[in-house]
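Accompanying notes for the structure given below.
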Number of protein chains: 4
Amino acid sequence: MVGGGPKAFIGAVHRVAARMSDRYELVASALCSDRTQARSFAQELGISRGYGTFEEMAEQEAVRTDGIQVVSIVTPNDSHHAIAKTFLEHGIHVICEKPVSTHLGHAVELAAIAREAGLIFAVTYTYSGYPMVRAMREIVLGRRLGAVRMINVEYVQGWLATNLEREGSKQASWRTDPARSGPGGCLGDIATHAFHLACFVSGLRAQSVCAELTSFVEGRRVDDNVQAMIRFEGQARANLWASQIAVGNDNNLNIRIFGEKGSLAWSQESPNHVQYALLGEAVQLLSRGTAASLAKPGLPAGHPEGYYEAFAQLYEDAADLIQAKVRGDAPESAGSLLPTVMDGIEGLRFVEAALSSARDGSVWRELDGSR
Amino acid sequence: MVGGGPKAFIGAVHRVAARMSDRYELVASALCSDRTQARSFAQELGISRGYGTFEEMAEQEAVRTDGIQVVSIVTPNDSHHAIAKTFLEHGIHVICEKPVSTHLGHAVELAAIAREAGLIFAVTYTYSGYPMVRAMREIVLGRRLGAVRMINVEYVQGWLATNLEREGSKQASWRTDPARSGPGGCLGDIATHAFHLACFVSGLRAQSVCAELTSFVEGRRVDDNVQAMIRFEGQARANLWASQIAVGNDNNLNIRIFGEKGSLAWSQESPNHVQYALLGEAVQLLSRGTAASLAKPGLPAGHPEGYYEAFAQLYEDAADLIQAKVRGDAPESAGSLLPTVMDGIEGLRFVEAALSSARDGSVWRELDGSR
Amino acid sequence: MVGGGPKAFIGAVHRVAARMSDRYELVASALCSDRTQARSFAQELGISRGYGTFEEMAEQEAVRTDGIQVVSIVTPNDSHHAIAKTFLEHGIHVICEKPVSTHLGHAVELAAIAREAGLIFAVTYTYSGYPMVRAMREIVLGRRLGAVRMINVEYVQGWLATNLEREGSKQASWRTDPARSGPGGCLGDIATHAFHLACFVSGLRAQSVCAELTSFVEGRRVDDNVQAMIRFEGQARANLWASQIAVGNDNNLNIRIFGEKGSLAWSQESPNHVQYALLGEAVQLLSRGTAASLAKPGLPAGHPEGYYEAFAQLYEDAADLIQAKVRGDAPESAGSLLPTVMDGIEGLRFVEAALSSARDGSVWRELDGSR
Amino acid sequence: MVGGGPKAFIGAVHRVAARMSDRYELVASALCSDRTQARSFAQELGISRGYGTFEEMAEQEAVRTDGIQVVSIVTPNDSHHAIAKTFLEHGIHVICEKPVSTHLGHAVELAAIAREAGLIFAVTYTYSGYPMVRAMREIVLGRRLGAVRMINVEYVQGWLATNLEREGSKQASWRTDPARSGPGGCLGDIATHAFHLACFVSGLRAQSVCAELTSFVEGRRVDDNVQAMIRFEGQARANLWASQIAVGNDNNLNIRIFGEKGSLAWSQESPNHVQYALLGEAVQLLSRGTAASLAKPGLPAGHPEGYYEAFAQLYEDAADLIQAKVRGDAPESAGSLLPTVMDGIEGLRFVEAALSSARDGSVWRELDGSR
């Protein structure tokens, strides 16, 4: 693991997720930029090989016979590219926190390196790990809603409704600093999760976006509210709303998807159920129990699962792919639901198009960057 | 009452609403365009003076000493203007179904006539009659959320997900016929309700709109899905989504409004509660009981009220205004929450701006019609 | 109408309900025990014949050619018997607030009088008027759940959690006075509604009850919390919990009914939906729309109905029965869902059995009074 | 770990829980009664010392310098006693699945052994590990509801609505076999969880119970539906309903607790929120965020936690106690919320009293076994 030092939030989540899946052993790390602290915190966590820097770690692990197979990158966004590149170049698979990079070009480069080297490059779009999200995808791809018409996806939080970054919040501070988080604030931080969810569930590619970005809190240097209308391939339309100033919301990611014959609705804060409606019929409440043929079973229905379990699913998926590689199975990712660097690239295209659209007064922008 | 014949939906609702408030007596009518049927159905309903045409009715009632004080207009949209004008010109107050007219110019004309004649011209934007909607408005106007930042309003239905108008549905047929319903389909029919709700609760005026209109059902002549981003005065932003192809939704009108210090959320299908969140505090569930100082009390909390009660509230408000007129109180509408022809005009401005925006590729359009 | 004076709650509800159904005209009344006030309030409400006493009213109406067909009795519980008896003896149909009487014997007597005279005696167990409650009954009686096994019914409120009766609350005062409300407090006031709901939905008769009654508030003279286990015919069991000290609850009446093959769940505060589960299938959310073949349609689904509409349904049913009488149709109540004096008698049997059970330390008591 | 073989459900849950807390290493096991399978499955799970029997394991681990500190017992109920006794006698701490034993006497014996030996004996009443359950306990014990009056607790499932045990379901089979599960069916299996939850949240001891037990499914040898009224110390009353024939319910454990001044409500299937009502105020929706001062923080609010996290909390608590022992801190369990063998004894007292009450026609039975 690179990153995930003493006060980091997401690093600890990755560690729990890896332990839950029981297919990883955390043996090497470079936990923070301070060499001494990196080593002492590794010791505290019982990690055998606590390196001072990620470069050191990549070099030495690459030559050990018992070196790591895969690295988790959980550092601030602006460092993802350099770290991932280093490990890929040393032949080590990568599980990277979202976003892949703060620049589209860098992400494209990483994808190329991984592809050539035949390495897994997973990106932890966590929410695609929820069983009911996967059940939705299966229903949509099984054409049970007919052609998709409309998607409404939201990711709204309220924790940045005031200027927390000035009050010394570490989490607020790096997320609202364009240098560290990338040019989009709320856009890059959470709208991309919503965007990925819409793509994942619908199985469709986004074509163009028309966006309005706002920074409501005085003195904030990045957007904290994102309104976007999206056109998907095949006539489908979407609304995407992401916000960090929506007081009263904790982590309200939700999606509704409507086709010719039916619809689905899911909310991350009640992740164990999906509302499923078919034309002219009563709305059904699917659970892991009643969507059993649809999703990989976990705990029996009624025993709630949550965020960690979704995260652990991604680690499970990555382990499957890596073991398939080891066994020489091909193609390695056939049928895998694990988000990869390709999803990361789509996410960055969305960010760039939305920024460009908003800058020019909400004109429609193609996701490939052309008008 | 003009309109509200044998199979009409909304006419019957108006009659129940008027009876509930107990301040109206239905004594004269022109219930449908067929003279004979108009008279026989009036007799069936026990209405004393069942006229064959509205012109006849206006003329004769105007000269009777016991003539009607106010007329309810519940005919198809394209006839509202002519009927309202006739009654206003005969000095009779008007309660008109939404929209005031299918043309902005006509609505402006009616407003002028009513103003000069000193007559009440109510428009039944039903949802503003709900007690909890009024409680929300009071909270917002009392600045308890601070300055409004973001509004998310939706009105989504699923009943037009297929081509019902071809299958002989009367309700579907006139609503999807531009000649009868006006140029906007879903836009004029329900998006305007959502728009009014946003204006009513926030107390703010909309300035410009950026819209995408879609007609998903093959062969449909009007839009059946409306996506709009709106800029309100004072920096506030809004998302408005209205749809008639959202399978699984009956009459899902809902609004969330976010200010600097708090937020409110309400849904028409659970109209007896409002979620009220203040920065850093637990979300509260307001009811008629706990918002008692805020809204006019009706039934005790826990005895659910619904659509009819909201409608009856508007009739109650109109009766208050008319009696104030009779008593000579001035100004007649001080403090009234009753929607009037002025709200109808705002609604039509929104329709025109949204149509224009969508036609030109989702450019921002001012509500006064200028770029 | 007898009762329903200036500050009465339920009298006003009856009046609205009768107006909504549009099949009643309120022409005569004895609105309160004070003669003068009875007359002046009648005038205020526009009632033509405002009598000073109910005896006067019964006598004079009985001899008029345009006399009332039916009387609504909305006085305090202890006066129901005398008033109902008087009107029945004058050949006038009765709609009586629940309970029929404070004594079982009196209720039996009234039933006999009504039966012999061939008169309607409706009792307003309001909650049986909700469309979704009727839909549940139809599902159960249609054997779609198989044999009923278990019922869980609750009616919990919080408004009497403190000693309101000492603070001068009129509503609290008569309800906690055994002389006026009858021997059961919470038991007679609301547990009987829950009991009726269980009987109505299941179509089963209760056989015995094992109860614990508590009076939690110091100084209160009647029970304010009712716990009861009930055995119904055919092996079915039930839990009934009624409370007036359940802080945080307004009017939380809810029922869940379980059979061999499925279950239903409904809550009065969200009355427009029913949860319907069948063995091994996803839970369905029935609405007036999707239970359309089951229940008499009202407003389109999605336009919420509530307490008044349920009440109006009972008035509608009573009007049907009375008109059938007038037409000479027989048997008058075939297929009617209207609760009558017979339901009132069952309710009083439940009250007596529960009181007796609790007094003797929660022994099982038959509803016919035998051990 | 003893038990938790190839198809066992709860053993796997314990393993995940221990890994999540990151304070345990699973180094020794006796995973099932078949010696060979016990060893091979241990190997499969990567457990270093896979014993063939628990006796062997206890003996050998007790003498190793790196022997286990604590054993998890996840075998069928009837074997808990013998296994726990053996490990305690070898000086090894115990984490035992509920129930401690199928006989009260055995449980009392185990408690005595543990106490004398100064060993931890944890019992995994899972639901007390949920953060919001602990928040409720803190509110109640902090007297914020005033004196507790009424508790309503339910644990209802539907999976045994048919005779699954005859169809070869392993889970159904042992749970409905009195020899393996103990004399109570639903009573011992899940009603005890509900009972513990009521005791844990209220901080009160139960005094007596009046119960009705039913076996609805033909041919079933144990109860599958439990109705109980309970009297707690200090005037508090409770309803407890547990069922395994409640079609449409997965694992619906929920509790509502009412005091003089307020109430709390929580449901296991939506475990991340608690409804908190105070007299005369709007109901509040507490989350991990807004109850932050009350409960130990986990993930940020809005990132749902579930069953595994609750389980892991108990493992965390046990690790705290064991480490305190190791350090010599005393008293070892001061302030711990971890359920122990003492809670297990209370649970068995409840089972015995309920069985006795039901057998004698729902008479009140003291929990100490006296009348």
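Residue numbers start at 1 in each chain; chains themselves are named A, B, ... in the order of the structure tokens; ligands are numbered from 1 in the order shown.
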Next item on the list: Excluding Val16 in chain D and any residue of its chain fewer than 4 positions from it, enumerate the residues within 10 Å of it, using only C-alpha atoms, and give them as a VMD selection string.
Entry: (chain A and resid 19 to 22) or (chain D and resid 10 to 12 20 to 22 308 to 309 311 to 312)
Saved selection, atoms kept: all heavy atoms, as a JSON list (two decimals), in the first residue's frame:
[["chain", "number", "residue", "atom", "x", "y", "z"],
["A", 19, "ARG", "N", -8.78, -7.21, 3.94],
["A", 19, "ARG", "CA", -8.86, -8.25, 4.96],
["A", 19, "ARG", "C", -10.16, -9.03, 4.85],
["A", 19, "ARG", "O", -10.18, -10.25, 5.02],
["A", 19, "ARG", "CB", -8.78, -7.64, 6.36],
["A", 19, "ARG", "CG", -7.40, -7.15, 6.75],
["A", 19, "ARG", "CD", -7.25, -7.05, 8.27],
["A", 19, "ARG", "NE", -8.21, -6.14, 8.88],
["A", 19, "ARG", "CZ", -8.01, -4.83, 9.03],
["A", 19, "ARG", "NH1", -6.91, -4.24, 8.59],
["A", 19, "ARG", "NH2", -8.92, -4.09, 9.63],
["A", 20, "MET", "N", -11.26, -8.33, 4.59],
["A", 20, "MET", "CA", -12.55, -9.02, 4.50],
["A", 20, "MET", "C", -12.54, -10.07, 3.41],
["A", 20, "MET", "O", -13.07, -11.16, 3.58],
["A", 20, "MET", "CB", -13.68, -8.01, 4.23],
["A", 20, "MET", "CG", -14.01, -7.17, 5.44],
["A", 20, "MET", "SD", -15.38, -6.04, 5.08],
["A", 20, "MET", "CE", -16.79, -7.15, 5.25],
["A", 21, "SER", "N", -11.97, -9.72, 2.28],
["A", 21, "SER", "CA", -11.99, -10.67, 1.16],
["A", 21, "SER", "C", -11.09, -11.86, 1.46],
["A", 21, "SER", "O", -11.24, -12.92, 0.87],
["A", 21, "SER", "CB", -11.55, -9.98, -0.13],
["A", 21, "SER", "OG", -10.14, -9.91, -0.16],
["A", 22, "ASP", "N", -10.17, -11.69, 2.39],
["A", 22, "ASP", "CA", -9.29, -12.77, 2.84],
["A", 22, "ASP", "C", -8.41, -13.32, 1.72],
["A", 22, "ASP", "O", -8.01, -14.48, 1.74],
["A", 22, "ASP", "CB", -10.12, -13.91, 3.45],
["A", 22, "ASP", "CG", -9.29, -14.76, 4.41],
["A", 22, "ASP", "OD1", -8.25, -14.25, 4.89],
["A", 22, "ASP", "OD2", -9.68, -15.90, 4.68],
["D", 10, "ILE", "N", -22.59, -19.20, 10.32],
["D", 10, "ILE", "CA", -22.15, -18.22, 11.31],
["D", 10, "ILE", "C", -20.64, -18.28, 11.55],
["D", 10, "ILE", "O", -20.01, -17.28, 11.91],
["D", 10, "ILE", "CB", -22.95, -18.38, 12.63],
["D", 10, "ILE", "CG1", -22.99, -17.05, 13.41],
["D", 10, "ILE", "CG2", -22.38, -19.49, 13.52],
["D", 10, "ILE", "CD1", -23.81, -15.99, 12.74],
["D", 11, "GLY", "N", -20.03, -19.46, 11.33],
["D", 11, "GLY", "CA", -18.59, -19.57, 11.50],
["D", 11, "GLY", "C", -17.86, -18.62, 10.56],
["D", 11, "GLY", "O", -16.92, -17.91, 10.95],
["D", 12, "ALA", "N", -18.30, -18.57, 9.32],
["D", 12, "ALA", "CA", -17.67, -17.68, 8.34],
["D", 12, "ALA", "C", -17.83, -16.22, 8.75],
["D", 12, "ALA", "O", -16.93, -15.39, 8.57],
["D", 12, "ALA", "CB", -18.28, -17.93, 6.96],
["D", 20, "MET", "N", -11.87, -8.15, 10.34],
["D", 20, "MET", "CA", -12.16, -6.72, 10.23],
["D", 20, "MET", "C", -11.56, -5.94, 11.39],
["D", 20, "MET", "O", -11.04, -4.86, 11.21],
["D", 20, "MET", "CB", -13.67, -6.48, 10.18],
["D", 20, "MET", "CG", -14.28, -6.88, 8.85],
["D", 20, "MET", "SD", -16.06, -6.55, 8.84],
["D", 20, "MET", "CE", -16.06, -4.78, 8.49],
["D", 21, "SER", "N", -11.69, -6.50, 12.58],
["D", 21, "SER", "CA", -11.21, -5.78, 13.76],
["D", 21, "SER", "C", -9.68, -5.72, 13.74],
["D", 21, "SER", "O", -9.08, -4.86, 14.38],
["D", 21, "SER", "CB", -11.69, -6.45, 15.04],
["D", 21, "SER", "OG", -10.88, -7.58, 15.34],
["D", 22, "ASP", "N", -9.05, -6.63, 13.01],
["D", 22, "ASP", "CA", -7.59, -6.64, 12.86],
["D", 22, "ASP", "C", -6.86, -6.86, 14.18],
["D", 22, "ASP", "O", -5.74, -6.39, 14.34],
["D", 22, "ASP", "CB", -7.13, -5.33, 12.21],
["D", 22, "ASP", "CG", -5.78, -5.52, 11.50],
["D", 22, "ASP", "OD1", -5.43, -6.68, 11.21],
["D", 22, "ASP", "OD2", -5.09, -4.52, 11.25],
["D", 308, "TYR", "N", -21.88, -7.25, 9.52],
["D", 308, "TYR", "CA", -20.48, -7.60, 9.78],
["D", 308, "TYR", "C", -19.82, -6.59, 10.72],
["D", 308, "TYR", "O", -19.02, -6.95, 11.59],
["D", 308, "TYR", "CB", -19.67, -7.61, 8.48],
["D", 308, "TYR", "CG", -19.80, -8.85, 7.65],
["D", 308, "TYR", "CD1", -20.15, -8.77, 6.31],
["D", 308, "TYR", "CD2", -19.54, -10.12, 8.17],
["D", 308, "TYR", "CE1", -20.25, -9.91, 5.51],
["D", 308, "TYR", "CE2", -19.63, -11.26, 7.39],
["D", 308, "TYR", "CZ", -19.99, -11.16, 6.05],
["D", 308, "TYR", "OH", -20.08, -12.28, 5.29],
["D", 309, "GLU", "N", -20.12, -5.34, 10.53],
["D", 309, "GLU", "CA", -19.51, -4.30, 11.35],
["D", 309, "GLU", "C", -19.96, -4.43, 12.81],
["D", 309, "GLU", "O", -19.17, -4.20, 13.73],
["D", 309, "GLU", "CB", -19.87, -2.91, 10.80],
["D", 309, "GLU", "CG", -19.19, -2.53, 9.49],
["D", 309, "GLU", "CD", -19.76, -3.26, 8.27],
["D", 309, "GLU", "OE1", -20.86, -3.85, 8.38],
["D", 309, "GLU", "OE2", -19.12, -3.23, 7.21],
["D", 311, "PHE", "N", -20.85, -7.21, 14.24],
["D", 311, "PHE", "CA", -20.15, -8.39, 14.72],
["D", 311, "PHE", "C", -18.70, -8.06, 15.07],
["D", 311, "PHE", "O", -18.18, -8.47, 16.12],
["D", 311, "PHE", "CB", -20.20, -9.47, 13.65],
["D", 311, "PHE", "CG", -20.59, -10.80, 14.19],
["D", 311, "PHE", "CD1", -21.82, -11.37, 13.88],
["D", 311, "PHE", "CD2", -19.75, -11.52, 15.04],
["D", 311, "PHE", "CE1", -22.19, -12.60, 14.39],
["D", 311, "PHE", "CE2", -20.11, -12.75, 15.56],
["D", 311, "PHE", "CZ", -21.33, -13.30, 15.23],
["D", 312, "ALA", "N", -18.07, -7.32, 14.18],
["D", 312, "ALA", "CA", -16.66, -6.97, 14.40],
["D", 312, "ALA", "C", -16.49, -6.14, 15.66],
["D", 312, "ALA", "O", -15.48, -6.20, 16.35],
["D", 312, "ALA", "CB", -16.12, -6.21, 13.18]]
What are the nearest atom pairs, with distances in Å to one decimal, for all residues of chain A that come at most 8 Å from chain B, using only C-alpha atoms, set out by chain and rising residue number as JSON lines?
{"residue": "A:Arg149", "atom": "CA", "partner": "B:Phe216", "partner_atom": "CA", "distance": 7.1}
{"residue": "A:Met150", "atom": "CA", "partner": "B:Ala246", "partner_atom": "CA", "distance": 7.9}
{"residue": "A:Ala161", "atom": "CA", "partner": "B:Glu260", "partner_atom": "CA", "distance": 6.7}
{"residue": "A:Thr162", "atom": "CA", "partner": "B:Glu260", "partner_atom": "CA", "distance": 7.8}
{"residue": "A:Cys210", "atom": "CA", "partner": "B:Ser362", "partner_atom": "CA", "distance": 8.0}
{"residue": "A:Phe216", "atom": "CA", "partner": "B:Arg149", "partner_atom": "CA", "distance": 7.1}
{"residue": "A:Gln227", "atom": "CA", "partner": "B:Asn239", "partner_atom": "CA", "distance": 7.3}
{"residue": "A:Met229", "atom": "CA", "partner": "B:Gln227", "partner_atom": "CA", "distance": 7.4}
{"residue": "A:Asn239", "atom": "CA", "partner": "B:Gln227", "partner_atom": "CA", "distance": 7.3}
{"residue": "A:Ile245", "atom": "CA", "partner": "B:Phe258", "partner_atom": "CA", "distance": 7.9}
{"residue": "A:Ala246", "atom": "CA", "partner": "B:Phe258", "partner_atom": "CA", "distance": 6.0}
{"residue": "A:Val247", "atom": "CA", "partner": "B:Gly262", "partner_atom": "CA", "distance": 5.5}
{"residue": "A:Gly248", "atom": "CA", "partner": "B:Ala277", "partner_atom": "CA", "distance": 4.9}
{"residue": "A:Phe258", "atom": "CA", "partner": "B:Ala246", "partner_atom": "CA", "distance": 6.0}
{"residue": "A:Gly259", "atom": "CA", "partner": "B:Val247", "partner_atom": "CA", "distance": 7.7}
{"residue": "A:Glu260", "atom": "CA", "partner": "B:Ala161", "partner_atom": "CA", "distance": 6.7}
{"residue": "A:Lys261", "atom": "CA", "partner": "B:Val247", "partner_atom": "CA", "distance": 7.2}
{"residue": "A:Gly262", "atom": "CA", "partner": "B:Val247", "partner_atom": "CA", "distance": 5.5}
{"residue": "A:Ser263", "atom": "CA", "partner": "B:Val247", "partner_atom": "CA", "distance": 5.9}
{"residue": "A:Tyr276", "atom": "CA", "partner": "B:Gly248", "partner_atom": "CA", "distance": 7.8}
{"residue": "A:Ala277", "atom": "CA", "partner": "B:Gly248", "partner_atom": "CA", "distance": 4.9}
{"residue": "A:Leu278", "atom": "CA", "partner": "B:Gly248", "partner_atom": "CA", "distance": 6.8}
{"residue": "A:Leu279", "atom": "CA", "partner": "B:Val247", "partner_atom": "CA", "distance": 6.1}
{"residue": "A:Ala282", "atom": "CA", "partner": "B:Gly248", "partner_atom": "CA", "distance": 8.0}
{"residue": "A:Val283", "atom": "CA", "partner": "B:Gly248", "partner_atom": "CA", "distance": 6.4}
{"residue": "A:Gly361", "atom": "CA", "partner": "B:Trp364", "partner_atom": "CA", "distance": 7.8}
{"residue": "A:Ser362", "atom": "CA", "partner": "B:Val363", "partner_atom": "CA", "distance": 7.0}
{"residue": "A:Val363", "atom": "CA", "partner": "B:Val363", "partner_atom": "CA", "distance": 6.7}
{"residue": "A:Trp364", "atom": "CA", "partner": "B:Ser362", "partner_atom": "CA", "distance": 7.7}
Store the residues picked out above in a file with C-alpha atoms, as a PDB file, in the first residue's frame.
ATOM      1  CA  ARG A 149     -34.698   6.338 -21.938  1.00  0.00           C
ATOM      2  CA  MET A 150     -33.857   8.383 -18.911  1.00  0.00           C
ATOM      3  CA  ALA A 161     -21.767  23.872   3.092  1.00  0.00           C
ATOM      4  CA  THR A 162     -19.420  26.137   5.017  1.00  0.00           C
ATOM      5  CA  CYS A 210     -24.258  20.362 -20.848  1.00  0.00           C
ATOM      6  CA  PHE A 216     -21.595  28.609  -3.506  1.00  0.00           C
ATOM      7  CA  GLN A 227     -25.710  20.291 -12.534  1.00  0.00           C
ATOM      8  CA  MET A 229     -27.578  17.069 -18.499  1.00  0.00           C
ATOM      9  CA  ASN A 239     -29.658  14.293 -15.264  1.00  0.00           C
ATOM     10  CA  ILE A 245     -23.469  22.050  -0.023  1.00  0.00           C
ATOM     11  CA  ALA A 246     -26.712  20.089   0.270  1.00  0.00           C
ATOM     12  CA  VAL A 247     -27.206  20.433   4.031  1.00  0.00           C
ATOM     13  CA  GLY A 248     -28.976  17.436   5.530  1.00  0.00           C
ATOM     14  CA  PHE A 258     -36.124   4.283 -16.819  1.00  0.00           C
ATOM     15  CA  GLY A 259     -36.647   2.177 -19.899  1.00  0.00           C
ATOM     16  CA  GLU A 260     -39.537   1.566 -22.249  1.00  0.00           C
ATOM     17  CA  LYS A 261     -40.967  -1.153 -20.054  1.00  0.00           C
ATOM     18  CA  GLY A 262     -39.775  -0.575 -16.546  1.00  0.00           C
ATOM     19  CA  SER A 263     -37.565   1.194 -14.091  1.00  0.00           C
ATOM     20  CA  TYR A 276     -38.196  -2.440  -9.567  1.00  0.00           C
ATOM     21  CA  ALA A 277     -41.267  -1.341 -11.521  1.00  0.00           C
ATOM     22  CA  LEU A 278     -42.705  -2.842 -14.657  1.00  0.00           C
ATOM     23  CA  LEU A 279     -45.316  -1.154 -16.806  1.00  0.00           C
ATOM     24  CA  ALA A 282     -47.061  -3.053  -8.682  1.00  0.00           C
ATOM     25  CA  VAL A 283     -43.629  -1.800  -7.726  1.00  0.00           C
ATOM     26  CA  GLY A 361     -22.159  28.962 -20.743  1.00  0.00           C
ATOM     27  CA  SER A 362     -23.577  25.444 -20.637  1.00  0.00           C
ATOM     28  CA  VAL A 363     -23.079  24.521 -24.254  1.00  0.00           C
ATOM     29  CA  TRP A 364     -23.165  20.848 -25.180  1.00  0.00           C
TER      30      TRP A 364
END
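Every protein or nucleic acid residue with an atom no more than 7 Å from Val94 in chain A, counting only C-alpha atoms and leaving out same-chain residues fewer than 6 positions away, appears here: Val70, Val71, Ser72, Ala84, Ile120, Phe121 and Ala122 of chain A.
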Next item on the list: Would you mind writing down, as JSON, numbers by chain, each residue of range 3-190 of chain B that DSSP on the backbone assigns to alpha helix (DSSP H)?
Entry: {"B": [10, 11, 12, 13, 14, 15, 16, 17, 18, 19, 20, 21, 35, 36, 37, 38, 39, 40, 41, 42, 43, 44, 54, 55, 56, 57, 58, 59, 60, 61, 62, 63, 80, 81, 82, 83, 84, 85, 86, 87, 88, 89, 104, 105, 106, 107, 108, 109, 110, 111, 112, 113, 114, 115, 116, 117, 131, 132, 133, 134, 135, 136, 137, 138, 139, 140, 141, 170, 171, 172, 173, 174, 175, 178, 179, 180, 181, 186]}
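Residues surrounding Leu338 in chain B within 7 Å are Ala122, Leu314, Asp317 and Ala318 of chain B [only C-alpha atoms; sequence separation below 4 positions excluded].
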